[in-house]
$ cat work-v3.txt   # compact mmCIF, C-alpha atoms (C1' of nucleotides)
# COMPACT_ATOMS: atom_id res chain seq x y z
CA MET Y 24 16.63 34.24 -7.58
CA LYS Y 25 13.93 32.57 -5.54
CA ILE Y 26 12.74 29.04 -6.19
CA LYS Y 27 9.64 27.37 -4.75
CA PHE Y 28 8.94 23.65 -4.71
CA GLY Y 29 5.82 21.56 -4.99
CA TYR Y 30 4.80 17.94 -5.54
CA VAL Y 31 2.23 15.81 -7.31
CA ALA Y 32 -1.17 14.66 -6.04
CA MET Y 33 -0.38 12.44 -3.05
CA SER Y 34 1.65 12.38 0.14
CA MET Y 35 4.07 9.80 1.47
CA VAL Y 36 3.89 11.43 4.87
CA VAL Y 37 0.16 11.85 5.54
CA LYS Y 38 -1.34 8.40 5.91
CA ASP Y 39 -4.66 7.12 4.49
CA CYS Y 40 -5.05 10.24 2.43
CA SER Y 41 -5.54 9.17 -1.17
CA PRO Y 42 -7.26 11.85 -3.29
CA SER Y 43 -7.63 9.28 -6.10
CA LYS Y 44 -10.04 6.72 -4.74
CA THR Y 45 -12.18 5.18 -7.43
CA ILE Y 46 -14.52 2.37 -8.41
CA THR Y 47 -14.08 0.04 -11.34
CA LEU Y 48 -16.67 0.16 -14.11
CA LYS Y 49 -17.58 -3.47 -13.54
CA ASN Y 50 -18.37 -2.89 -9.91
CA LEU Y 51 -20.34 0.26 -10.58
CA LEU Y 52 -22.46 -1.63 -13.12
CA LYS Y 53 -23.26 -4.23 -10.45
CA ILE Y 54 -25.26 -1.53 -8.69
CA GLU Y 55 -28.65 -1.52 -10.37
CA GLU Y 56 -30.46 1.48 -8.94
CA PRO Y 57 -29.37 4.67 -10.75
CA GLU Y 58 -29.68 6.65 -7.52
CA ALA Y 59 -27.51 4.16 -5.65
CA ARG Y 60 -24.86 4.40 -8.36
CA ILE Y 61 -24.76 8.14 -8.10
CA SER Y 62 -24.62 8.09 -4.34
CA ARG Y 63 -21.63 5.72 -4.52
CA LEU Y 64 -19.85 8.03 -6.98
CA ARG Y 65 -20.73 11.03 -4.86
CA ARG Y 66 -19.38 9.42 -1.72
CA ILE Y 67 -16.07 8.53 -3.37
CA THR Y 68 -15.69 12.04 -4.78
CA LYS Y 69 -16.40 13.61 -1.39
CA THR Y 70 -13.68 11.42 0.13
CA ASN Y 71 -11.25 12.54 -2.59
CA ILE Y 72 -12.09 16.20 -2.04
CA ASN Y 73 -11.74 15.79 1.71
CA ASN Y 74 -8.37 14.08 1.34
CA THR Y 75 -7.23 16.81 -1.04
CA GLN Y 76 -8.18 19.37 1.61
CA ARG Y 77 -6.15 17.44 4.19
CA LEU Y 78 -3.18 17.49 1.81
CA LEU Y 79 -3.58 21.25 1.42
CA TYR Y 80 -3.48 21.67 5.22
CA HIS Y 81 -0.31 19.57 5.18
CA ASN Y 82 1.12 21.72 2.39
CA LYS Y 83 0.30 24.88 4.29
CA ALA Y 84 2.01 23.56 7.41
CA HIS Y 85 5.14 22.88 5.36
CA ASP Y 86 5.16 26.13 3.33
CA ILE Y 87 4.40 24.21 0.11
CA ASN Y 88 2.59 26.53 -2.30
CA ILE Y 89 2.84 24.49 -5.48
CA TYR Y 90 0.56 21.49 -5.90
CA ARG Y 91 -0.80 19.36 -8.73
CA LEU Y 92 -4.32 17.98 -8.32
CA THR Y 93 -4.96 14.34 -9.16
CA SER Y 94 -6.93 13.78 -12.37
CA LYS Y 95 -8.97 11.15 -10.55
CA LEU Y 96 -10.95 13.40 -8.18
CA VAL Y 97 -14.26 12.41 -9.78
CA PRO Y 98 -14.34 8.69 -10.63
CA LEU Y 99 -15.33 7.78 -14.20
CA ALA Y 100 -16.21 11.43 -14.80
CA THR Y 101 -15.74 11.32 -18.56
CA HIS Y 102 -17.23 7.87 -19.03
CA ASP Y 103 -20.71 7.49 -20.50
CA VAL Y 104 -21.88 5.67 -17.39
CA THR Y 105 -21.85 8.97 -15.44
CA LYS Y 106 -23.43 11.15 -18.13
CA ASP Y 107 -26.67 11.61 -16.19
CA TRP Y 108 -24.86 12.78 -13.10
CA ASP Y 109 -24.28 16.54 -12.93
CA TRP Y 110 -21.37 16.41 -10.49
CA VAL Y 111 -20.55 20.09 -10.93
CA LYS Y 112 -23.92 21.06 -9.54
CA ASP Y 113 -24.09 18.20 -7.08
CA LEU Y 114 -20.71 18.89 -5.47
CA ARG Y 115 -20.51 22.65 -5.79
CA ASP Y 116 -20.54 23.10 -2.01
CA ASP Y 117 -17.62 20.69 -1.66
CA PHE Y 118 -15.38 22.07 -4.40
CA LYS Y 119 -15.95 25.72 -3.52
CA PRO Y 120 -14.30 25.69 -0.04
CA LEU Y 121 -11.39 23.71 -1.45
CA GLY Y 122 -10.81 26.49 -3.99
CA ASP Y 123 -11.34 29.20 -1.38
CA TYR Y 124 -8.58 27.67 0.72
CA CYS Y 125 -6.23 27.67 -2.30
CA LYS Y 126 -6.96 31.30 -3.04
CA LYS Y 127 -6.64 32.39 0.59
CA ASN Y 128 -3.20 30.84 0.77
CA ASN Y 129 -2.15 31.80 -2.74
CA PHE Y 130 -1.52 28.20 -3.82
CA ARG Y 131 -0.41 27.58 -7.38
CA ILE Y 132 -2.64 24.73 -8.56
CA SER Y 133 -2.27 22.69 -11.73
CA ALA Y 134 -3.36 19.38 -13.23
CA HIS Y 135 -1.88 17.02 -15.79
CA PRO Y 136 -4.45 15.10 -17.89
CA ASP Y 137 -3.47 11.47 -18.51
CA HIS Y 138 -1.64 10.19 -21.57
CA PHE Y 139 -4.97 9.36 -23.27
CA THR Y 140 -5.53 13.05 -23.81
CA LEU Y 141 -4.04 13.64 -27.23
CA LEU Y 142 -4.88 16.71 -29.26
CA ASN Y 143 -2.89 15.61 -32.29
CA SER Y 144 -4.37 12.15 -32.79
CA PRO Y 145 -5.50 11.48 -36.38
CA ARG Y 146 -8.49 9.63 -34.92
CA GLU Y 147 -11.44 11.95 -34.46
CA GLU Y 148 -12.86 9.92 -31.54
CA VAL Y 149 -9.56 10.27 -29.65
CA PHE Y 150 -9.61 14.02 -30.18
CA GLU Y 151 -13.24 14.23 -29.03
CA ALA Y 152 -12.46 12.21 -25.90
CA SER Y 153 -9.53 14.53 -25.24
CA ILE Y 154 -11.77 17.59 -25.36
CA LYS Y 155 -14.12 15.88 -22.95
CA ASP Y 156 -11.22 15.25 -20.58
CA LEU Y 157 -10.00 18.85 -20.84
CA GLU Y 158 -13.52 20.09 -20.10
CA TYR Y 159 -13.63 17.81 -17.07
CA HIS Y 160 -10.40 19.30 -15.69
CA HIS Y 161 -11.57 22.82 -16.52
CA ASN Y 162 -14.84 22.17 -14.67
CA ILE Y 163 -12.94 21.14 -11.56
CA PHE Y 164 -10.96 24.39 -11.63
CA GLU Y 165 -14.16 26.37 -12.27
CA SER Y 166 -15.96 24.62 -9.42
CA MET Y 167 -13.09 25.64 -7.18
CA GLY Y 168 -13.32 29.19 -8.48
CA LEU Y 169 -9.73 29.12 -9.80
CA ASP Y 170 -8.97 31.49 -12.66
CA LYS Y 171 -6.86 30.72 -15.74
CA ARG Y 172 -3.66 30.73 -13.71
CA ALA Y 173 -4.65 27.18 -12.72
CA LYS Y 174 -3.10 25.38 -15.67
CA LEU Y 175 -3.44 22.09 -17.51
CA VAL Y 176 -0.14 20.55 -18.56
CA LEU Y 177 -0.20 18.63 -21.85
CA HIS Y 178 2.29 16.95 -24.13
CA ILE Y 179 2.17 17.42 -27.90
CA GLY Y 180 1.09 13.79 -28.42
CA GLY Y 181 2.00 10.89 -30.69
CA ARG Y 182 4.36 10.77 -33.66
CA TYR Y 183 2.01 8.94 -36.05
CA LYS Y 184 4.73 8.15 -38.59
CA SER Y 185 5.49 11.79 -39.40
CA LYS Y 186 6.53 14.27 -36.77
CA GLU Y 187 6.16 17.19 -39.13
CA VAL Y 188 2.58 16.32 -40.08
CA SER Y 189 1.71 15.61 -36.44
CA VAL Y 190 3.04 18.96 -35.23
CA GLN Y 191 0.99 20.64 -37.92
CA ARG Y 192 -2.09 18.73 -36.85
CA PHE Y 193 -1.42 19.65 -33.22
CA MET Y 194 -1.45 23.32 -34.08
CA GLU Y 195 -4.61 23.08 -36.13
CA LYS Y 196 -6.42 21.13 -33.42
CA PHE Y 197 -5.18 23.45 -30.71
CA SER Y 198 -6.42 26.49 -32.63
CA SER Y 199 -9.84 24.91 -32.94
CA LEU Y 200 -10.27 24.66 -29.15
CA PRO Y 201 -12.61 27.00 -27.29
CA GLU Y 202 -10.90 29.95 -25.66
CA HIS Y 203 -11.51 28.78 -22.08
CA LEU Y 204 -9.46 25.62 -22.77
CA LYS Y 205 -6.73 27.35 -24.77
CA GLU Y 206 -5.97 29.71 -21.92
CA ARG Y 207 -5.64 26.84 -19.45
CA ILE Y 208 -3.20 24.77 -21.48
CA ILE Y 209 0.57 24.81 -21.13
CA LEU Y 210 2.89 22.46 -23.02
CA GLU Y 211 5.70 20.20 -21.86
CA ASN Y 212 8.56 18.50 -23.70
CA ASP Y 213 8.42 14.69 -23.61
CA ASP Y 214 11.09 12.00 -23.27
CA LYS Y 215 10.63 10.31 -26.64
CA THR Y 216 9.26 12.42 -29.48
CA TYR Y 217 8.82 16.14 -28.99
CA ASN Y 218 11.97 17.60 -27.48
CA THR Y 219 12.60 20.95 -25.83
CA MET Y 220 13.29 22.78 -29.08
CA ASP Y 221 10.18 21.32 -30.80
CA VAL Y 222 7.89 22.31 -27.94
CA LEU Y 223 9.40 25.77 -27.57
CA GLU Y 224 8.75 26.46 -31.26
CA ILE Y 225 5.15 25.27 -30.93
CA CYS Y 226 4.61 27.30 -27.75
CA LYS Y 227 5.81 30.44 -29.49
CA LYS Y 228 3.56 29.79 -32.46
CA VAL Y 229 0.39 29.09 -30.52
CA ASN Y 230 1.32 31.58 -27.82
CA VAL Y 231 1.17 29.39 -24.69
CA PRO Y 232 3.67 28.98 -21.83
CA MET Y 233 6.13 26.08 -21.84
CA VAL Y 234 6.94 23.83 -18.91
CA LEU Y 235 10.46 22.55 -19.20
CA ASP Y 236 10.95 19.00 -17.91
CA ILE Y 237 14.68 18.70 -17.33
CA HIS Y 238 14.59 14.91 -16.97
CA HIS Y 239 12.78 14.56 -20.31
CA HIS Y 240 15.23 16.98 -21.84
CA TRP Y 241 18.08 14.80 -20.62
CA CYS Y 242 16.36 11.68 -22.10
CA ASN Y 243 15.42 13.14 -25.43
CA ASN Y 244 17.58 16.03 -26.45
CA LYS Y 245 20.78 15.55 -24.43
CA GLY Y 246 22.05 18.97 -25.56
CA ASP Y 247 22.77 21.88 -23.26
CA ILE Y 248 19.69 23.67 -22.08
CA ILE Y 249 21.35 27.00 -21.49
CA THR Y 250 20.51 28.84 -24.72
CA LEU Y 251 16.90 27.63 -24.64
CA LEU Y 252 16.24 28.51 -21.02
CA GLU Y 253 15.67 32.21 -21.48
CA PRO Y 254 13.21 31.88 -24.40
CA ILE Y 255 11.39 29.14 -22.47
CA PHE Y 256 11.05 31.36 -19.42
CA ASN Y 257 9.93 34.21 -21.67
CA THR Y 258 6.88 32.22 -22.78
CA TRP Y 259 5.54 32.98 -19.27
CA ASN Y 260 5.86 36.76 -19.51
CA LYS Y 261 2.20 37.51 -20.17
CA GLU Y 262 0.84 35.10 -17.51
CA GLY Y 263 1.38 36.84 -14.20
CA LEU Y 264 3.02 33.65 -12.97
CA PRO Y 265 6.66 32.65 -12.57
CA PRO Y 266 7.93 30.04 -15.06
CA LYS Y 267 7.64 26.44 -13.95
CA ILE Y 268 9.85 23.42 -14.51
CA HIS Y 269 9.41 19.72 -13.79
CA LEU Y 270 12.13 17.98 -11.83
CA SER Y 271 12.84 14.25 -11.53
CA SER Y 272 15.84 11.95 -11.73
CA PRO Y 273 16.36 8.77 -13.76
CA LYS Y 274 15.63 5.54 -11.84
CA ASN Y 275 18.77 3.77 -13.07
CA GLU Y 276 20.86 3.32 -16.21
CA LYS Y 277 18.59 0.73 -17.73
CA ASN Y 278 15.29 2.45 -16.89
CA TYR Y 279 16.62 5.93 -17.37
CA ARG Y 280 13.22 7.28 -18.40
CA SER Y 281 11.48 6.13 -15.21
CA HIS Y 282 11.33 8.34 -12.17
CA ALA Y 283 13.62 7.63 -9.23
CA ASP Y 284 12.39 7.72 -5.64
CA ASN Y 285 14.21 10.95 -4.91
CA ILE Y 286 15.89 13.87 -6.63
CA LYS Y 287 19.63 13.73 -7.31
CA THR Y 288 20.66 16.98 -5.68
CA GLU Y 289 23.81 17.49 -7.79
CA PHE Y 290 21.69 17.19 -10.93
CA PHE Y 291 19.46 20.00 -9.73
CA ILE Y 292 22.31 22.22 -8.58
CA GLU Y 293 23.85 21.85 -12.01
CA PHE Y 294 20.62 23.23 -13.41
CA LEU Y 295 20.57 26.03 -10.84
CA ASN Y 296 23.97 27.17 -11.99
CA LYS Y 297 22.68 27.50 -15.52
CA ALA Y 298 19.48 29.22 -14.42
CA LYS Y 299 21.59 31.66 -12.42
CA GLU Y 300 22.65 33.24 -15.74
CA ILE Y 301 19.05 34.32 -16.29
CA ASN Y 302 18.49 35.09 -12.63
CA ARG Y 303 14.71 34.87 -12.64
CA ASP Y 304 12.41 33.42 -9.97
CA PHE Y 305 10.78 30.14 -10.92
CA ASP Y 306 8.74 27.25 -9.51
CA VAL Y 307 9.67 23.57 -9.45
CA MET Y 308 7.25 20.67 -9.60
CA ILE Y 309 8.97 17.62 -8.12
CA GLU Y 310 7.95 14.39 -9.86
CA ALA Y 311 9.55 11.71 -7.73
CA LYS Y 312 8.15 8.46 -6.42
CA ASN Y 313 8.63 9.74 -2.90
CA LYS Y 314 6.40 12.75 -3.63
CA ASP Y 315 6.47 15.27 -0.74
CA LEU Y 316 9.11 13.20 1.03
CA ALA Y 317 11.43 13.70 -1.96
CA LEU Y 318 10.82 17.44 -1.60
CA PHE Y 319 11.81 17.33 2.07
CA ASN Y 320 14.88 15.23 1.26
CA LEU Y 321 15.96 17.67 -1.43
CA MET Y 322 15.54 20.60 0.95
CA LYS Y 323 17.70 18.80 3.52
CA ASP Y 324 20.50 18.53 0.94
CA LEU Y 325 20.10 22.08 -0.28
CA LYS Y 326 20.40 23.31 3.29
CA LYS Y 327 23.96 21.95 3.32
CA THR Y 328 24.84 23.54 -0.01
CA LYS Y 329 27.01 26.62 -0.30
CA ASP Y 330 25.39 29.82 -1.63
CA ILE Y 331 21.86 28.60 -1.00
CA ARG Y 332 19.72 30.49 1.47
CA ILE Y 333 16.75 28.68 2.96
CA ILE Y 334 13.67 30.90 2.97
CA ASN Y 335 11.25 28.32 4.37
CA GLN Y 336 10.52 24.58 4.20
CA ALA Y 337 9.80 24.71 0.47
CA GLU Y 338 11.57 27.79 -0.87
CA ILE Y 339 15.19 28.78 -1.43
CA GLU Y 340 17.20 31.70 -2.71
CA TYR Y 341 20.30 31.16 -4.79
C1' DA I 24 -3.44 -8.28 7.34
C1' DC I 25 -1.29 -9.21 3.14
C1' DC I 26 -0.80 -10.62 -1.90
C1' DT I 27 -1.88 -10.54 -6.80
C1' DG I 28 -4.24 -9.83 -11.04
C1' DT I 29 -6.91 -6.27 -13.13
C1' DC I 30 -8.48 -1.77 -14.48
C1' DA I 31 -12.01 3.29 -19.35
C1' DA I 32 -9.12 5.46 -22.03
C1' DG I 33 -3.62 5.41 -26.54
C1' DT I 34 0.56 4.57 -29.01
C1' DC I 35 4.39 2.09 -30.54
C1' DT I 36 7.08 -1.98 -31.57
C1' DG I 37 7.82 -6.42 -33.02
C1' DG I 38 6.23 -10.74 -34.60
C1' DC V 17 -3.38 -7.84 -37.56
C1' DC V 18 -2.54 -8.77 -32.78
C1' DA V 19 -0.04 -9.19 -28.28
C1' DG V 20 2.76 -6.96 -25.14
C1' DA V 21 5.26 -2.96 -23.21
C1' DC V 22 4.90 1.36 -21.34
C1' DT V 23 3.49 3.02 -16.27
C1' DT V 24 0.80 3.57 -11.99
C1' DG V 25 -2.24 3.79 -7.83
C1' DA V 26 -5.98 1.60 -6.19
C1' DC V 27 -9.58 -1.85 -6.30
C1' DA V 28 -11.28 -6.42 -5.43
C1' DG V 29 -11.02 -11.03 -4.68
C1' DG V 30 -8.50 -14.56 -2.52
C1' DT V 31 -5.65 -16.50 1.26
$ encode --input "work-v3.txt" --output "structure tokens"
Amino acid sequence: MKIKFGYVAMSMVVKDCSPSKTITLKNLLKIEEPEARISRLRRITKTNINNTQRLLYHNKAHDINIYRLTSKLVPLATHDVTKDWDWVKDLRDDFKPLGDYCKKNNFRISAHPDHFTLLNSPREEVFEASIKDLEYHHNIFESMGLDKRAKLVLHIGGRYKSKEVSVQRFMEKFSSLPEHLKERIILENDDKTYNTMDVLEICKKVNVPMVLDIHHHWCNNKGDIITLLEPIFNTWNKEGLPPKIHLSSPKNEKNYRSHADNIKTEFFIEFLNKAKEINRDFDVMIEAKNKDLALFNLMKDLKKTKDIRIINQAEIEY
DNA sequence: ACCTGTCAAGTCTGG
DNA sequence: CCAGACTTGACAGGT
């Protein structure tokens, strides 16, 4: 089986290349002229797009085909203060080439809306804000010309006293979403409330792919993943994409939910041995503090490991 | 050049 | 009912 690796949003190797530059609300409000405000927002967004492009060149040079966009490309995009600014139209000529480059190089692009995006909140205003945020992410993908294979990773949400009721509410809210959002969304198990089994059941019911986070699984469920792995991978069958997992390691015993700087290679090889039973290609999103550097470090270790063949700087066969 | 408190947004816990 | 934790990169003001 072949396994490709990617990383999240920013590089530890390429310097001065943040794709998440922003402005605080307070400072934006200090600018009085509406045109001046917009030009500030526009300038920041252009910098973020440009830095994202630089990261994509870096990815290309290192054979990295899997990448998660930052959610902060357009500052304050879903805040009321920017409601008169049509950034999609304004920045079409900037987003388009970024997307063209992704398509030309067959990059697998995703995004992960922040933890404020909660479809199962009992508060209507939270749900409405979540839709707004999903539309924002969808608009970025659309501006780049990326089809529904560019996915949005979400968690199920809060517990709100009753898990059962909240799962039910999740499914109702999810069903009420417009089609163009439904087909972008994939669901991930979390480290506290909705474990691997819960999310797999929901994914099957609402017919969306599941991203398995093996660190969260270790935090929440503890049980062996082996029997769930095949049904999880099967949720991807209709997508024309290999299944994807998230990979990180616990920081330490006390903060076992936090992400460590790098990936514990033995931990991943243990998983590989289980995945070998299913023998299906898949992609790995590395979520480590050291970002792309953690990817390179992992590859260095894997190179020394028996039975692993190195295909390129970010892909192996096992 | 470096340091520190603060930042749009939610939820959960504990007092 | 409210404060603080969670978690995280970058801003912005100060030294």
$ closest_atom_pairs --input "work-v3.txt" --of "chain I" --to "chain Y" --cutoff "9 Å" --atoms "only C-alpha atoms (C1' of nucleotides)" --output "CSV"
residue,atom,partner,partner_atom,distance
I:DC30,C1',Y:Thr47,CA,6.7
I:DA31,C1',Y:His102,CA,7.0
I:DA32,C1',Y:Phe139,CA,5.8
I:DG33,C1',Y:Phe139,CA,5.3
I:DT34,C1',Y:Gly181,CA,6.7
$ closest_atom_pairs --input "work-v3.txt" --of "chain Y" --to "chain V" --cutoff "12 Å" --atoms "all atoms listed in the file" --output "tab-separated table"
residue	atom	partner	partner_atom	distance
Y:Ala32	CA	V:DG25	C1'	11.1
Y:Met33	CA	V:DG25	C1'	10.1
Y:Ser41	CA	V:DA26	C1'	9.1
Y:Pro42	CA	V:DG25	C1'	10.5
Y:Ser43	CA	V:DA26	C1'	7.9
Y:Lys44	CA	V:DA26	C1'	6.7
Y:Thr45	CA	V:DA26	C1'	7.3
Y:Ile46	CA	V:DC27	C1'	6.8
Y:Thr47	CA	V:DC27	C1'	7.0
Y:Leu48	CA	V:DC27	C1'	10.7
Y:Lys49	CA	V:DA28	C1'	10.7
Y:Asn50	CA	V:DA28	C1'	9.1
Y:Leu51	CA	V:DC27	C1'	11.8
Y:Thr93	CA	V:DG25	C1'	11.0
Y:Ser94	CA	V:DG25	C1'	11.9
Y:Lys95	CA	V:DG25	C1'	10.3
Y:Pro98	CA	V:DA26	C1'	11.8
Y:Asp137	CA	V:DT24	C1'	11.1
Y:His138	CA	V:DT23	C1'	10.3
Y:Lys215	CA	V:DC22	C1'	11.9
Y:Asn278	CA	V:DC22	C1'	11.4
Y:Arg280	CA	V:DC22	C1'	10.6
Y:Ser281	CA	V:DT23	C1'	8.6
Y:His282	CA	V:DT23	C1'	10.3
Y:Lys312	CA	V:DT24	C1'	10.4
$ residues_around --input "work-v3.txt" --residues "Y:Leu157" --least-positions-apart "5" --cutoff "12 Å" --atoms "all atoms listed in the file" --output "PyMOL selection string"
chain Y and resi 94+100-101+134-137+139-142+150-152+162-164+174-177+197+200-201+203-208
$ atom_distance --input "work-v3.txt" --atom1 "atom CA of Y:Leu79" --atom2 "atom CA of Y:Leu121"
8.7 Å
$ axis_aligned_box --input "work-v3.txt" --around "stretch 23-29 of chain V" --padding-each-side "5 Å" --output "lines of an AutoDock Vina configuration file"
center_x = -3.9
center_y = -3.6
center_z = -10.5
size_x = 24.8
size_y = 24.8
size_z = 21.6
$ closest_residue --input "work-v3.txt" --among "Y:Asn275, Y:Ser199, Y:Thr250, Y:Asn230" --to "Y:Glu262" --atoms "all atoms listed in the file"
Y:Asn230
$ atom_distance --input "work-v3.txt" --atom1 "atom CA of Y:Thr328" --atom2 "atom CA of Y:Tyr341"
10.1 Å
$ atom_distance --input "work-v3.txt" --atom1 "atom CA of Y:Val37" --atom2 "atom CA of Y:Asn335"
19.9 Å
$ closest_residue --input "work-v3.txt" --among "Y:Ala84, Y:Asp304, Y:Asp107, Y:Gly29" --to "Y:Leu321" --atoms "only C-alpha atoms"
Y:Gly29
